[in-house]
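K.L.:
Pasting a structure here, questions to come.
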Amino acid sequence: MAFSEEETGVVESVPPTLTVSLLGPLDIRVDGRQVALTTGRRRSLLAVLAMSGGRTVPVDQLASAVFGEGLPANARRSVQTYLARLRRAIGDRWINTEAAGVMLQVDPDAVDAIRFEHLLDRAARHRDGDEERDLLCRALSLWRGDPFDGVASERLELFEAPRLRELFLAGLERRIDLDLAEGRHGELVAELSRLTAEHPLRESLWVRLLAALDGSGRPAEALERYEAIRAMIADELGADPGPELRQAHTDLLAERRPASAGRAELTVTPRQLPVGIDAFTGREAELQTLSGLAEGTADAPAAAVVTGTAGVGKTSLALHWAHRVADRFPDGQLYVDLRGFGPRGQVMEPGEAVRAFLEAFGIAPTRLPSSLDGLVGLYRSLLAGRRVLVVLDNARDGDQVRPLLPTGPGCMALVTSRDRLLGLVAAETARPIGLDLPALAEARLMLAARIGVDRIEADLDAADQIVAHCARLPLALAVAAARAQANPVMSLAALADELRGMEGGLDALDSGDHVADVRRVFSWSYRTLSDEVAGLFRLLSLHPGPDIAVPTAASLAGLPPRQVRRRLSELARAHLLSEFAPGRFAFHDLLRAYAAELATRYESSADRHRAAHRLLDHYVHTSHVATLLVEPGVPEIDIPLGETSQGVIREPLDDREAAMTWFEVEHRAMMATAVQADDDFDVHVWQSAWALQRFFYLRGHWHSQIGILQAALAASQRLGNPAAQAHSHRALAWAHSQLGQLEESGSHLTHALELSALAGDPIGQAAAHNNLGFLAQEQGHLDEALEHSRRALELHRAAGHRLGEANALNSIGWQLALLGEHAKALDFCEQALELCLELDYRSLGAGVCDSLGYIHNGLGNHTEARSQYQSAIDSYREFGDRFNEADTLAHLGDLHHSTGDSDAARKAWQASLDILIDLEHANAADLRAKLDDL
């Protein structure tokens with residue numbers, strides 16, 4: 001049957017006498033009667049013939065589809081045997097054997113898979129939305145399950161089934177798009193929630209779910225769903241979401257407004273509030289006070305300080321209120337845990353917090369000022385004229401908080417702390433809100449919110465005993481409620497009896513009288529754990545980061561990730577941990593202190609030492625591989641990595657994107673682990689600093705790099721290893737130079753040169769000379785720079801260090817070009833490029849191509865200059881090195897301008913400017929000036 005171009009549907013006349021349904025369990029009907037094929041190969045044979053749509057299929061293709069790789073000796077005869085059996089089952093008239101092969105004489109419209117594709121094709125040709133939607137619905141309704149269910153054919157499973165599934169999902173997404181265009185957002189949320197659960201890594205479905213949620217008035221939920229899929233993609237694939245999903249997220253966050261004088265235009269509106277507590281109840285007086293303060297922010301900035309003992313519910317109150325009033329602050333909600341009372345003194349510095357806030361508004365790290373005063377000035381300028389809520393959680397003292405307070409009207413700061421922060425109250429007119437233990441009735445309501453009112457009313461006396469044993473402390477009530485939820489058939493009286501029998505006291509954590517009962521509550525929940533889960537709970541206290549991922553926890557415990565994932569989930573169900581993002585778990589600091597106390601009591605010093613060793617092994621070995629992925633060809637670490645401890649796993653990282661994502665998530669915890677490591681692990685500390693160096697360079701985290709490099713320098717000094725000390729000095733010199741601190745940079749390089757000579761390390765001496773050459777170049781001393789680079793070349797060649805030789809050759813060539821000696825420069829840079837190609841050092845090779853472009857332009861070889869610049873640009877794009885891509889695009893624009901090609905110059909400069917604007921780099925001003933002049 002032929003299909004005409006004018007049809008709007010499929011002709012449905014007299015039902016065909018043979019139908020084959022493949023989009024689900026195989027179903028064959030002859031004259032309306034179902035035919036059962038019990039032999040698997042007959043089913044495969046019929047399915048392949050049906051999918052041919054009435055076309056002849058060669059016998060060898062049939063044999064391959066039916067038998068796969070296990071072809072019999074006489075495949076043709078075997079196919080003929082199964083064809084004869086198939087004829088007996090469905091009738092002779094449907095199978096036609098020719099010299100060219102075999103044909104199933106079936107109307108294509110009678111094969112559901114072919115009919116499905118035809119309907120999709122007709123839908124794609126329609127411009128009328130209603131007709132298109134009708135055809136799509138008819139096509140999608142043909143699906144009864146997974147295609148070729150019950151058909152054992154490798155060819156169909158590997159090629160046809162994935163193709164049909166993709167067509168189905170594409171057709172489904174198109175039908176959803178039509179529904180979204182009609183404004184049916186609310187109707188689609190449930191369907192898309194089911195589809196994303198069935199296809200969790202299909203990002204296009206998540207894009208449509210976010211649109212449906214946003215269109216149905218649920219933008220906050222849309223943002224939460226995005227964070228869930230982002231974390232899942234990172235956990236499952238070690239990657240970031242694709243551009244379509246990232247754009248959907250950007251559209252959710254974007255607050256586009258006309259630019260006004262004196263006010264920077266931003267395209268990112270931060271929504272940083274963590275998820276609030278579903279079971280929050282009470283604290284009405286404090287909530288009303290906060291809301292009253294927020295109403296007055298139009299005239300002056302407001303600040304509130306919520307204070308109280310550990311576990312009293314300060315953070316829960318702050319987040320609950322912040323979510324409730326988020327719409328009053330349309331320009332964003334910022335949140336940071338200042339770790340004021342966190343483990344091992346891991347207090348966040350104000351500068352780190354301000355940098356994080358500025359990056360949340362989309363400002364690139366490379367554009368941020370280096371000083372705290374500069375950061376604070378930019379931060380307050382950015383907030384001027386905007387309505388932003390700033391939540392500063394777990395503050396230690398006023399000095400930590402003061403730089404983070406907004407100063408313009410329209411904004412509000414909400415601070416939580418165990419300290420009363422009287423200085424802020426006195427000097428900054430912050431409103432103090434003391435959070436005491438809830439009254440008995442309110443505490444009872446808190447318990448009821450978690451385990452149900454009916455259960456409380458059934459035994460009020462027992463409920464009150466539980467509240468009393470929890471000292472009315474909300475955190476303890478949450479832990480006790482988790483125990484009650486886990487045992488719904490147990491009476492509250494029995495639970496109260498269990499709690500009464502526990503002993504303990506967290507004396508060191510707080511001076512309040514109720515603290516002894518808090519340990520009793522934790523102990524009560526802890527003792528319900530299996531030995532294996534309790535052991536993991538204790539060991540987790542050894543991890544210094546704010547949160548921990550499953551692979552890291554697995555290495556810490558020396559156990560397989562699947563076992564550890566189950567144990568972490570059990571701890572989260574018991575409210576002894578919180579899973580704040582898929583696969584990432586965090587302690588409340590009281591619970592961390594309790595776990596640390598238990599670890600000291602029950603884990604021997606040798607066991608704790610071995611766990612710390614495994615944790616450091618995990619970070620060092622994973623980061624080492626990540627660094628080599630981030631920059632292929634980077635020189636290997638000078639101190640060889642040892643074997644990992646038993647039980648340590650290295651996270652699987654397959655490409656550069658996955659490596660960068662891992663660094664983004666783990667670098668803070670890795671730094672803290674290295675900085676706090678015992679002296680026994682000095683080699684790990686030094687290696688950690690090496691592995692983080694390239695990531696920090698790409699992200700512009702110079703202050704963080706200096707912090708871990710100082711720890712690495714101290715470690716290398718304890719090791720008595722002058723070569724390692726020299727490396728630390730060189731890395732510190734580079735970080736200081738990027739901050740414009742050239743005097744500090746020079747001092748470190750002087751030490752590096754002396755130590756390398758002392759160690760008899762010519763390669764280290766050469767590296768120091770090369771860096772001194774860069775420093776002299778930055779200071780405008782080109783002759784001195786050239787002298788250092790030549791000395792570096794001599795040392796590298798004498799040591800046979802060809803990678804360093806390539807670097808020195810490029811430095812000499814570049815500096816000669818800056819001096820106007822282009823012919824000499826060409827020889828050096830061509831030697832450098834040859835070495836880079838031979839050694840496959842592609843990142844340096846891109847830099848050499850940029851140098852060659854500059855040199856050839858100076859020599860008048862404009863065609864070759866363009867070619868070299870383009871090679872550099874292509875390489876930088878491959879690495880994701882956007883700044884150097886912009887730099888070379890600017891050079892290419894200079895070349896076009898010098899040759900009179902204004903259009904090409906404008907195009908190259910504009911491309912460079914677009915990148916620099918995105919990076920918010922200061923060089924953008926120079927390019928704007930060039931474009932204006934053009």
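All residue names refer to the structure tokens as shown: chains lettered A, B, ... in order, residues numbered from 1 in each chain, ligands numbered from 1 in order.
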Quick one: residues within 8 Å of Ala596 of chain A, only C-alpha atoms counted, chain neighbours fewer than 2 positions away excluded, as a list in words?

P.N.:
Arg538, Leu539, Ser541, Leu542, Arg592, Ala593, Tyr594, Leu598, Ala599 and Thr600 of chain A

K.L.:
For segment 771-777 of chain A, find every residue with an atom within 10 Å (counting only C-alpha atoms), except residues of its own chain fewer than 6 positions away, and show them as an MDAnalysis selection string.

P.N.:
chainID A and resid 730:731 733:734 737 742:743 745:746 749:750 753 765 783:792 808 811:812 815 818

K.L.:
List the neighbours of Ala484 of chain A out to 7 Å using only C-alpha atoms; skip same-chain residues closer than 4 positions along the sequence, and give me the result as a ChimeraX atom specification.

P.N.:
/A:451,480,488

K.L.:
Just to be explicit: take each residue in the selection above, keep C-alpha atoms, and write the result as a PDB file, in the first residue's frame.

P.N.:
```pdb
ATOM      1  CA  ILE A 451       6.187  11.117  64.254  1.00  0.00           C
ATOM      2  CA  ALA A 480      14.888  10.497  68.882  1.00  0.00           C
ATOM      3  CA  PRO A 488       6.353   2.351  64.236  1.00  0.00           C
TER       4      PRO A 488
END
```

K.L.:
Counting only C-alpha atoms, which residue out of A:Thr622, A:Ser851, A:Thr81, A:Gln779 sits closest to Leu809 of chain A?

P.N.:
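Of the candidates, the smallest distance to Leu809 of chain A is held by A:Ser851.
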
K.L.:
Determine, counting only C-alpha atoms, which protein, DNA and RNA residues have an atom within 10 Å of an atom of Arg175 of chain A; residues of the same chain fewer than 6 positions away are not included. Present the result as a ChimeraX atom specification.

P.N.:
/A:123,129,132-137,140,169,181

K.L.:
Taking only C-alpha atoms into account, which of A:Ala905, A:Val306, A:Val391, A:Ala478 comes nearest Lys930 of chain A?

P.N.:
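Checking each of A:Ala905, A:Val306, A:Val391, A:Ala478 against Lys930 of chain A, counting only C-alpha atoms, the winner is A:Ala905.
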
K.L.:
Which of these residues is nearest to Glu244 of chain A, using only C-alpha atoms: A:Ile229, A:Leu422, A:Val207, A:Leu844?

P.N.:
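Among the listed residues, A:Val207 lies closest to Glu244 of chain A.
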
K.L.:
Pick the closest to His543 of chain A from A:Leu223, A:Ala285, A:Ala413, A:Met670: which is it, counting only C-alpha atoms?

P.N.:
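Answer, going by the shortest atom-to-atom distance: A:Met670.
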
K.L.:
Do you know which residues are at most 9 Å from Ile763 of chain A counting only C-alpha atoms, after dropping those on the same chain fewer than 6 positions away, and could you put them as an MDAnalysis selection string?

P.N.:
chainID A and resid 756 792 795:796 799 801 804

K.L.:
Could the residues in this selection be written to a file with N, CA and C atoms, as an mmCIF file, in the first residue's frame?

P.N.:
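Result went into part_17.cif, see below:
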```cif
data_model
loop_
_atom_site.group_PDB
_atom_site.id
_atom_site.type_symbol
_atom_site.label_atom_id
_atom_site.label_comp_id
_atom_site.auth_asym_id
_atom_site.auth_seq_id
_atom_site.Cartn_x
_atom_site.Cartn_y
_atom_site.Cartn_z
ATOM 1 N N SER A 756 67.719 24.376 44.777
ATOM 2 C CA SER A 756 67.965 23.449 43.671
ATOM 3 C C SER A 756 69.457 23.222 43.475
ATOM 4 N N ALA A 792 68.400 28.722 31.532
ATOM 5 C CA ALA A 792 67.482 27.599 31.708
ATOM 6 C C ALA A 792 67.665 26.579 30.592
ATOM 7 N N LEU A 795 70.852 24.450 31.143
ATOM 8 C CA LEU A 795 70.698 23.459 32.213
ATOM 9 C C LEU A 795 69.795 22.310 31.777
ATOM 10 N N HIS A 796 68.706 22.624 31.097
ATOM 11 C CA HIS A 796 67.799 21.556 30.648
ATOM 12 C C HIS A 796 68.504 20.636 29.651
ATOM 13 N N ALA A 799 70.964 18.338 31.328
ATOM 14 C CA ALA A 799 70.299 17.268 32.093
ATOM 15 C C ALA A 799 69.508 16.327 31.200
ATOM 16 N N HIS A 801 66.704 17.028 29.804
ATOM 17 C CA HIS A 801 65.282 17.220 30.125
ATOM 18 C C HIS A 801 64.608 17.938 28.958
ATOM 19 N N GLY A 804 61.563 20.473 29.526
ATOM 20 C CA GLY A 804 62.039 21.774 29.969
ATOM 21 C C GLY A 804 62.761 22.513 28.859
#
```

K.L.:
Name all residues at most 7 Å from segment 649-661 of chain A (count only C-alpha atoms; drop same-chain ones fewer than 3 positions away) and give them as a PyMOL selection string.

P.N.:
chain A and resi 238-240+551+555+618+621-622+626+629-630+664-665

K.L.:
With N, CA and C atoms retained, could you export that selection as a PDB file, in the first residue's frame?

P.N.:
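Listing of selection_32.pdb after writing:
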```pdb
ATOM      1  N   GLY A 238      30.642  11.729  36.384  1.00  0.00           N
ATOM      2  CA  GLY A 238      31.795  12.582  36.644  1.00  0.00           C
ATOM      3  C   GLY A 238      31.871  13.755  35.689  1.00  0.00           C
ATOM      4  N   ALA A 239      30.707  14.325  35.348  1.00  0.00           N
ATOM      5  CA  ALA A 239      30.671  15.411  34.367  1.00  0.00           C
ATOM      6  C   ALA A 239      29.650  16.452  34.796  1.00  0.00           C
ATOM      7  N   ASP A 240      29.634  17.574  34.065  1.00  0.00           N
ATOM      8  CA  ASP A 240      28.635  18.614  34.268  1.00  0.00           C
ATOM      9  C   ASP A 240      27.459  18.368  33.327  1.00  0.00           C
ATOM     10  N   PRO A 551      32.638   7.540  47.216  1.00  0.00           N
ATOM     11  CA  PRO A 551      33.955   6.927  46.970  1.00  0.00           C
ATOM     12  C   PRO A 551      34.995   7.314  48.019  1.00  0.00           C
ATOM     13  N   SER A 555      37.034   4.726  50.565  1.00  0.00           N
ATOM     14  CA  SER A 555      38.477   4.645  50.789  1.00  0.00           C
ATOM     15  C   SER A 555      38.820   4.847  52.257  1.00  0.00           C
ATOM     16  N   HIS A 618      43.640   8.129  48.758  1.00  0.00           N
ATOM     17  CA  HIS A 618      42.505   8.340  47.851  1.00  0.00           C
ATOM     18  C   HIS A 618      42.630   9.693  47.147  1.00  0.00           C
ATOM     19  N   HIS A 621      46.053   9.912  44.821  1.00  0.00           N
ATOM     20  CA  HIS A 621      46.046   9.107  43.598  1.00  0.00           C
ATOM     21  C   HIS A 621      44.959   9.556  42.631  1.00  0.00           C
ATOM     22  N   THR A 622      43.785   9.921  43.148  1.00  0.00           N
ATOM     23  CA  THR A 622      42.739  10.413  42.251  1.00  0.00           C
ATOM     24  C   THR A 622      43.139  11.749  41.638  1.00  0.00           C
ATOM     25  N   ALA A 626      43.676  13.018  37.782  1.00  0.00           N
ATOM     26  CA  ALA A 626      42.873  14.169  37.339  1.00  0.00           C
ATOM     27  C   ALA A 626      43.763  15.255  36.745  1.00  0.00           C
ATOM     28  N   LEU A 629      44.794  14.481  33.289  1.00  0.00           N
ATOM     29  CA  LEU A 629      43.686  14.655  32.353  1.00  0.00           C
ATOM     30  C   LEU A 629      43.437  16.134  32.072  1.00  0.00           C
ATOM     31  N   VAL A 630      43.597  16.954  33.093  1.00  0.00           N
ATOM     32  CA  VAL A 630      43.376  18.390  32.928  1.00  0.00           C
ATOM     33  C   VAL A 630      44.401  18.977  31.958  1.00  0.00           C
ATOM     34  N   GLU A 664      36.478  20.549  41.312  1.00  0.00           N
ATOM     35  CA  GLU A 664      35.547  21.565  41.803  1.00  0.00           C
ATOM     36  C   GLU A 664      34.891  21.119  43.102  1.00  0.00           C
ATOM     37  N   VAL A 665      34.498  19.854  43.144  1.00  0.00           N
ATOM     38  CA  VAL A 665      33.753  19.352  44.295  1.00  0.00           C
ATOM     39  C   VAL A 665      34.663  19.037  45.468  1.00  0.00           C
TER      40      VAL A 665
END
```

K.L.:
Quick one: pull the distance between atom CA of Glu203 of chain A and atom CA of Gly215 of chain A, Å, one decimal.

P.N.:
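A separation of 18.4 Å between them.
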